[in-house]
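Novice: Just one file: structure_10.txt, with compact mmCIF, C-alpha atoms.
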```txt
# COMPACT_ATOMS: atom_id res chain seq x y z
CA GLN A 1086 136.27 -26.39 85.23
CA GLN A 1087 135.23 -24.84 82.02
CA GLN A 1088 132.24 -27.00 81.94
CA GLN A 1089 131.38 -25.98 85.44
CA GLN A 1090 131.83 -22.37 84.53
CA GLN A 1091 129.66 -22.80 81.49
CA GLN A 1092 127.09 -24.56 83.59
CA VAL A 1093 127.21 -21.79 86.18
CA GLU A 1094 126.88 -19.18 83.42
CA GLN A 1095 123.99 -21.07 81.91
CA GLU A 1096 122.36 -21.33 85.30
CA GLU A 1097 122.96 -17.63 85.86
CA GLN A 1098 121.53 -16.85 82.45
CA GLY A 1099 118.57 -19.09 83.15
CA SER A 1100 118.03 -17.55 86.52
CA GLU A 1101 118.46 -14.09 84.97
CA GLN A 1102 115.87 -14.92 82.33
CA GLN A 1103 113.64 -16.36 84.99
CA ARG A 1104 114.10 -13.22 87.09
CA LEU A 1105 113.31 -11.01 84.05
CA GLY A 1106 110.24 -13.09 83.29
CA LEU A 1107 109.07 -12.75 86.86
CA GLU A 1108 109.73 -9.02 86.71
CA ARG A 1109 107.68 -8.76 83.53
CA GLU A 1110 104.82 -10.71 85.10
CA ARG A 1111 104.95 -8.52 88.21
CA ARG A 1112 104.86 -5.37 86.05
CA ALA A 1113 101.96 -6.74 83.99
CA GLU A 1114 100.07 -7.55 87.23
CA GLN A 1115 100.79 -4.06 88.54
CA LYS A 1116 99.61 -2.58 85.26
CA VAL A 1117 96.39 -4.55 85.49
CA LEU A 1118 95.95 -3.44 89.12
CA VAL A 1119 96.56 0.24 88.20
CA ARG A 1120 94.03 0.04 85.36
CA GLN A 1121 91.51 -1.64 87.67
CA TYR A 1122 92.11 1.09 90.30
CA GLU A 1123 91.64 3.86 87.68
CA ARG A 1124 88.44 2.25 86.41
CA ASP A 1125 87.08 1.90 89.95
CA LYS A 1126 88.03 5.50 90.72
CA ARG A 1127 86.28 6.75 87.56
CA THR A 1128 83.07 4.84 88.25
CA GLN A 1129 83.11 6.02 91.86
CA ALA A 1130 83.51 9.66 90.71
CA GLU A 1131 80.65 9.25 88.20
CA GLN A 1132 78.40 7.74 90.87
CA GLN A 1133 79.27 10.55 93.25
CA GLN A 1134 78.53 13.16 90.57
CA GLN A 1135 75.18 11.52 89.75
CA ALA A 1136 74.29 11.47 93.43
CA GLN A 1137 75.16 15.16 93.72
CA LEU A 1138 73.02 15.98 90.67
CA ALA A 1139 70.09 14.02 92.06
CA ALA A 1140 70.43 15.77 95.44
CA GLU A 1141 70.61 19.17 93.70
CA ASP A 1142 67.50 18.38 91.63
CA ALA A 1143 65.63 17.30 94.75
CA ARG A 1144 66.71 20.47 96.56
CA ARG A 1145 65.55 22.65 93.63
CA ALA A 1146 62.20 20.86 93.45
CA ALA A 1147 61.68 21.35 97.18
CA ALA A 1148 62.63 25.02 96.89
CA VAL A 1149 60.14 25.52 94.03
CA ARG A 1150 57.41 23.81 96.03
CA SER A 1151 58.12 25.93 99.07
CA ARG A 1152 58.25 29.15 97.03
CA GLY A 1153 55.02 28.45 95.13
CA PRO A 1154 52.83 30.84 97.15
CA GLU A 1155 55.56 33.49 97.16
CA LEU A 1156 55.88 33.27 93.38
CA THR A 1157 52.15 33.58 92.84
CA ALA A 1158 52.07 36.61 95.15
CA LEU A 1159 54.96 38.18 93.24
CA ARG A 1160 53.26 37.49 89.91
CA GLN A 1161 50.05 39.05 91.22
CA HIS A 1162 51.96 42.11 92.42
CA ASP A 1163 53.68 42.42 89.03
CA LEU A 1164 50.34 42.19 87.21
CA GLU A 1165 48.84 44.90 89.41
CA ALA A 1166 51.85 47.14 88.83
CA LEU A 1167 51.59 46.55 85.08
CA ARG A 1168 47.87 47.41 85.07
CA GLN A 1169 48.53 50.59 87.05
CA ARG A 1170 51.25 51.61 84.62
CA GLN A 1171 48.94 50.95 81.66
CA ASP A 1172 46.17 53.00 83.30
CA GLN A 1173 48.61 55.85 83.90
CA ASP A 1174 49.72 55.69 80.28
CA ARG A 1175 46.09 55.80 79.10
CA GLN A 1176 45.34 58.75 81.39
CA LEU A 1177 48.41 60.57 80.11
CA GLN A 1178 47.39 59.95 76.49
CA LEU A 1179 43.85 61.18 77.16
CA GLN A 1180 45.18 64.29 78.86
CA GLN A 1181 47.55 64.99 75.98
CA GLU A 1182 44.70 64.51 73.48
CA LYS A 1183 42.50 66.95 75.45
CA GLU A 1184 45.32 69.50 75.53
CA ARG A 1185 45.83 69.10 71.80
CA GLN A 1186 42.11 69.58 71.12
CA LEU A 1187 42.08 72.66 73.35
CA ARG A 1188 45.04 74.16 71.46
CA LEU A 1189 43.31 73.45 68.14
CA GLU A 1190 40.13 75.12 69.36
CA ARG A 1191 42.10 78.17 70.48
CA LEU A 1192 43.80 78.40 67.09
CA LYS A 1193 40.49 78.02 65.28
CA ALA A 1194 39.00 80.75 67.44
CA LYS A 1195 41.87 83.07 66.49
CA VAL A 1196 41.37 82.59 62.75
CA LYS A 1197 37.61 82.26 62.75
CA VAL A 1198 35.92 84.63 60.36
CA ASP A 1199 32.90 86.30 61.88
CA VAL A 1200 30.88 87.94 59.15
CA THR A 1201 27.51 89.48 59.74
CA ARG A 1202 24.87 88.72 57.16
CA ASP A 1203 24.03 91.62 54.89
CA SER A 1204 21.10 90.91 52.61
CA SER A 1205 21.73 94.11 50.62
CA ARG A 1206 25.19 92.75 49.62
CA LEU A 1207 23.51 89.90 47.85
CA LEU A 1208 22.06 92.23 45.23
CA GLN A 1209 25.19 94.33 44.75
CA PRO A 1210 27.34 93.67 41.67
CA THR A 1211 30.69 91.97 42.19
CA GLU A 1212 34.04 93.52 41.29
CA SER A 1213 34.34 91.38 38.20
CA SER A 1214 30.90 92.38 36.96
CA LYS A 1215 31.74 96.08 37.59
CA ASN A 1216 34.94 95.68 35.56
CA ARG A 1217 33.06 93.94 32.78
CA VAL A 1218 30.55 96.78 32.62
CA ARG A 1219 33.37 99.28 32.61
CA LYS A 1220 35.08 97.46 29.70
CA GLU A 1221 31.81 97.35 27.78
CA ASP A 1222 31.31 101.12 28.36
CA VAL A 1223 34.79 101.85 27.11
CA ALA A 1224 34.24 99.67 24.07
CA LEU A 1225 30.89 101.28 23.32
CA THR A 1226 31.86 104.87 23.87
CA GLY A 1227 35.29 104.42 22.39
CA THR A 1228 36.70 106.74 24.98
CA GLY A 1229 40.21 106.33 25.97
CA ARG A 1230 42.13 104.54 28.35
CA THR A 1231 41.87 104.38 32.05
CA LEU A 1232 44.80 105.49 34.11
CA ALA A 1233 45.72 101.97 35.13
CA PRO A 1234 45.29 98.93 32.96
CA VAL A 1235 42.39 96.76 34.08
CA PRO A 1236 43.57 93.30 34.91
CA ASP A 1237 41.97 90.45 33.08
CA LEU A 1238 39.61 88.88 35.53
CA GLN A 1239 37.95 85.56 35.23
CA HIS A 1240 34.94 85.56 32.95
CA LYS A 1241 32.24 83.69 34.70
CA ALA A 1242 28.68 83.50 33.58
CA VAL A 1243 26.23 85.85 35.30
CA PRO A 1244 23.39 83.91 36.95
CA ALA A 1245 19.98 84.35 35.36
CA TRP A 1246 18.49 86.01 38.45
CA ARG A 1247 21.18 88.76 38.36
CA GLN A 1248 21.29 89.51 34.67
CA GLY A 1249 19.15 92.62 34.77
CA LEU A 1250 20.62 94.08 37.95
CA ALA A 1251 24.07 95.12 36.86
```
Please express the file's structure as structure tokens.

Specialist:
Amino acid sequence: QQQQQQQVEQEEQGSEQQRLGLERERRAEQKVLVRQYERDKRTQAEQQQQAQLAAEDARRAAAVRSRGPELTALRQHDLEALRQRQDQDRQLQLQQEKERQLRLERLKAKVKVDVTRDSSRLLQPTESSKNRVRKEDVALTGTGRTLAPVPDLQHKAVPAWRQGLA
């Protein structure tokens, strides 16, 4: 009986080991199947994404082709608006320049010196020459002082054509 029991235990152990081996194989097969499924799923998702990108690119290209005339019209409109704005800016600058020139002319007119020509003034002695003569008279006559001190004026040479006039 002991031998039978040992045999039964050995058979049970063998069958248990066989069952565990089968379980391991089944798990390994399932693991392989899961990995295969994941790989297939990934490639399918990538293909779907590429197809979507290609469809989107085609849609964009068709939209650009269909909007070509609209875009050129918009560009033309923008260019015209830009030219108008530049013309307005130039006109404004010209107007401002004219206004500035007019203001300058008005200011110049306010400060303009209008002197009539007097030929007799040309032969009259200047203030400095009068003072020089006065100093020479005082020095020659030796007579006193004037009431107010005579300021030192610039001593410029008398032109040859006026030397005998003063």

Novice: Name all residues at most 12 Å from A:Ala1242 (count all atoms listed in the file; drop same-chain ones fewer than 5 positions away) and give them as a ChimeraX atom specification.

Specialist: /A:1213-1214,1217,1247-1248

Novice: Can you tell me how far atom CA of A:Thr1128 sits from atom CA of A:Arg1144, in Å to one decimal?

Specialist: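 Those two atoms sit 24.1 Å apart.
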
Novice: For atom CA of A:His1162 and atom CA of A:Ala1148, quote the distance in Å rounded to one decimal.

Specialist: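 Atom CA of A:His1162 sits 20.6 Å away from atom CA of A:Ala1148.
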
Novice: Separation of atom CA of A:Leu1250 and atom CA of A:Leu1207, in Å?

Specialist: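 Atom CA of A:Leu1207 lies at a distance of 11.1 Å from atom CA of A:Leu1250.
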
Novice: Might I get the box with edges along x, y and z of the file that holds all atoms of stretch 1196-1211 of chain A listed there, padded by 8 Å on every side, given as centre and edge lengths in Å to one decimal, as JSON?

Specialist:
```
{"center_x": 31.2, "center_y": 88.3, "center_z": 52.2, "size_x": 36.3, "size_y": 28.1, "size_z": 37.1}
```

Novice: Between A:Gln1180, A:Lys1197, A:Val1243, A:Arg1109, which one has atoms that come closest to A:Lys1215, using only C-alpha atoms?

Specialist: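 Ranked by minimum distance to A:Lys1215, first place goes to A:Val1243.
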
Novice: Since fewer atoms than expected are present, regenerate all heavy atoms for stretch 1152-1163 of chain A and write them as a tab-separated table (two decimals), keeping the file's coordinate frame.

Specialist:
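Generated output (selection.tsv):
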```
chain	number	residue	atom	x	y	z
A	1152	ARG	N	58.41	27.77	97.48
A	1152	ARG	CA	58.25	29.15	97.03
A	1152	ARG	C	57.03	29.36	96.16
A	1152	ARG	O	56.80	30.45	95.65
A	1152	ARG	CB	59.49	29.58	96.24
A	1152	ARG	CG	60.67	29.91	97.12
A	1152	ARG	CD	61.76	30.46	96.29
A	1152	ARG	NE	62.37	29.35	95.57
A	1152	ARG	CZ	63.29	29.47	94.65
A	1152	ARG	NH1	63.69	30.64	94.27
A	1152	ARG	NH2	63.79	28.42	94.05
A	1153	GLY	N	56.21	28.35	95.97
A	1153	GLY	CA	55.02	28.45	95.13
A	1153	GLY	C	54.12	29.61	95.51
A	1153	GLY	O	53.80	30.45	94.68
A	1154	PRO	N	53.70	29.71	96.77
A	1154	PRO	CA	52.83	30.84	97.15
A	1154	PRO	C	53.54	32.19	97.00
A	1154	PRO	O	52.91	33.17	96.61
A	1154	PRO	CB	52.51	30.55	98.62
A	1154	PRO	CG	52.79	29.09	98.82
A	1154	PRO	CD	53.84	28.73	97.84
A	1155	GLU	N	54.82	32.23	97.31
A	1155	GLU	CA	55.56	33.49	97.16
A	1155	GLU	C	55.59	33.93	95.70
A	1155	GLU	O	55.40	35.10	95.39
A	1155	GLU	CB	57.00	33.33	97.66
A	1155	GLU	CG	57.12	33.10	99.15
A	1155	GLU	CD	58.56	32.82	99.56
A	1155	GLU	OE1	59.47	33.09	98.76
A	1155	GLU	OE2	58.74	32.33	100.68
A	1156	LEU	N	55.82	32.95	94.81
A	1156	LEU	CA	55.88	33.27	93.38
A	1156	LEU	C	54.54	33.76	92.87
A	1156	LEU	O	54.47	34.71	92.08
A	1156	LEU	CB	56.35	32.06	92.58
A	1156	LEU	CG	57.82	31.68	92.75
A	1156	LEU	CD1	58.12	30.41	91.97
A	1156	LEU	CD2	58.73	32.79	92.30
A	1157	THR	N	53.46	33.13	93.30
A	1157	THR	CA	52.15	33.58	92.84
A	1157	THR	C	51.86	34.99	93.36
A	1157	THR	O	51.30	35.82	92.65
A	1157	THR	CB	51.03	32.62	93.27
A	1157	THR	OG1	51.08	32.45	94.69
A	1157	THR	CG2	51.15	31.27	92.57
A	1158	ALA	N	52.27	35.26	94.60
A	1158	ALA	CA	52.07	36.61	95.15
A	1158	ALA	C	52.89	37.62	94.36
A	1158	ALA	O	52.41	38.72	94.05
A	1158	ALA	CB	52.44	36.64	96.63
A	1159	LEU	N	54.11	37.27	94.03
A	1159	LEU	CA	54.96	38.18	93.24
A	1159	LEU	C	54.36	38.41	91.85
A	1159	LEU	O	54.35	39.54	91.35
A	1159	LEU	CB	56.37	37.61	93.11
A	1159	LEU	CG	57.25	37.73	94.35
A	1159	LEU	CD1	58.57	37.00	94.14
A	1159	LEU	CD2	57.50	39.18	94.70
A	1160	ARG	N	53.87	37.34	91.23
A	1160	ARG	CA	53.26	37.49	89.91
A	1160	ARG	C	52.04	38.41	90.00
A	1160	ARG	O	51.83	39.26	89.13
A	1160	ARG	CB	52.84	36.13	89.36
A	1160	ARG	CG	53.98	35.32	88.83
A	1160	ARG	CD	53.48	34.07	88.11
A	1160	ARG	NE	54.59	33.17	87.87
A	1160	ARG	CZ	54.67	31.93	88.35
A	1160	ARG	NH1	53.70	31.43	89.07
A	1160	ARG	NH2	55.72	31.18	88.08
A	1161	GLN	N	51.23	38.22	91.04
A	1161	GLN	CA	50.05	39.05	91.22
A	1161	GLN	C	50.44	40.51	91.39
A	1161	GLN	O	49.84	41.40	90.80
A	1161	GLN	CB	49.26	38.55	92.45
A	1161	GLN	CG	47.90	39.19	92.59
A	1161	GLN	CD	46.96	38.75	91.49
A	1161	GLN	OE1	47.11	37.70	90.89
A	1161	GLN	NE2	45.98	39.58	91.21
A	1162	HIS	N	51.47	40.74	92.19
A	1162	HIS	CA	51.96	42.11	92.42
A	1162	HIS	C	52.45	42.72	91.11
A	1162	HIS	O	52.18	43.89	90.81
A	1162	HIS	CB	53.08	42.09	93.46
A	1162	HIS	CG	53.62	43.44	93.77
A	1162	HIS	ND1	54.70	43.96	93.12
A	1162	HIS	CD2	53.20	44.39	94.64
A	1162	HIS	CE1	54.95	45.19	93.58
A	1162	HIS	NE2	54.05	45.46	94.51
A	1163	ASP	N	53.18	41.93	90.33
A	1163	ASP	CA	53.68	42.42	89.03
A	1163	ASP	C	52.53	42.77	88.09
A	1163	ASP	O	52.56	43.78	87.39
A	1163	ASP	CB	54.58	41.38	88.37
A	1163	ASP	CG	55.93	41.25	89.07
A	1163	ASP	OD1	56.25	42.13	89.90
A	1163	ASP	OD2	56.65	40.27	88.79
```
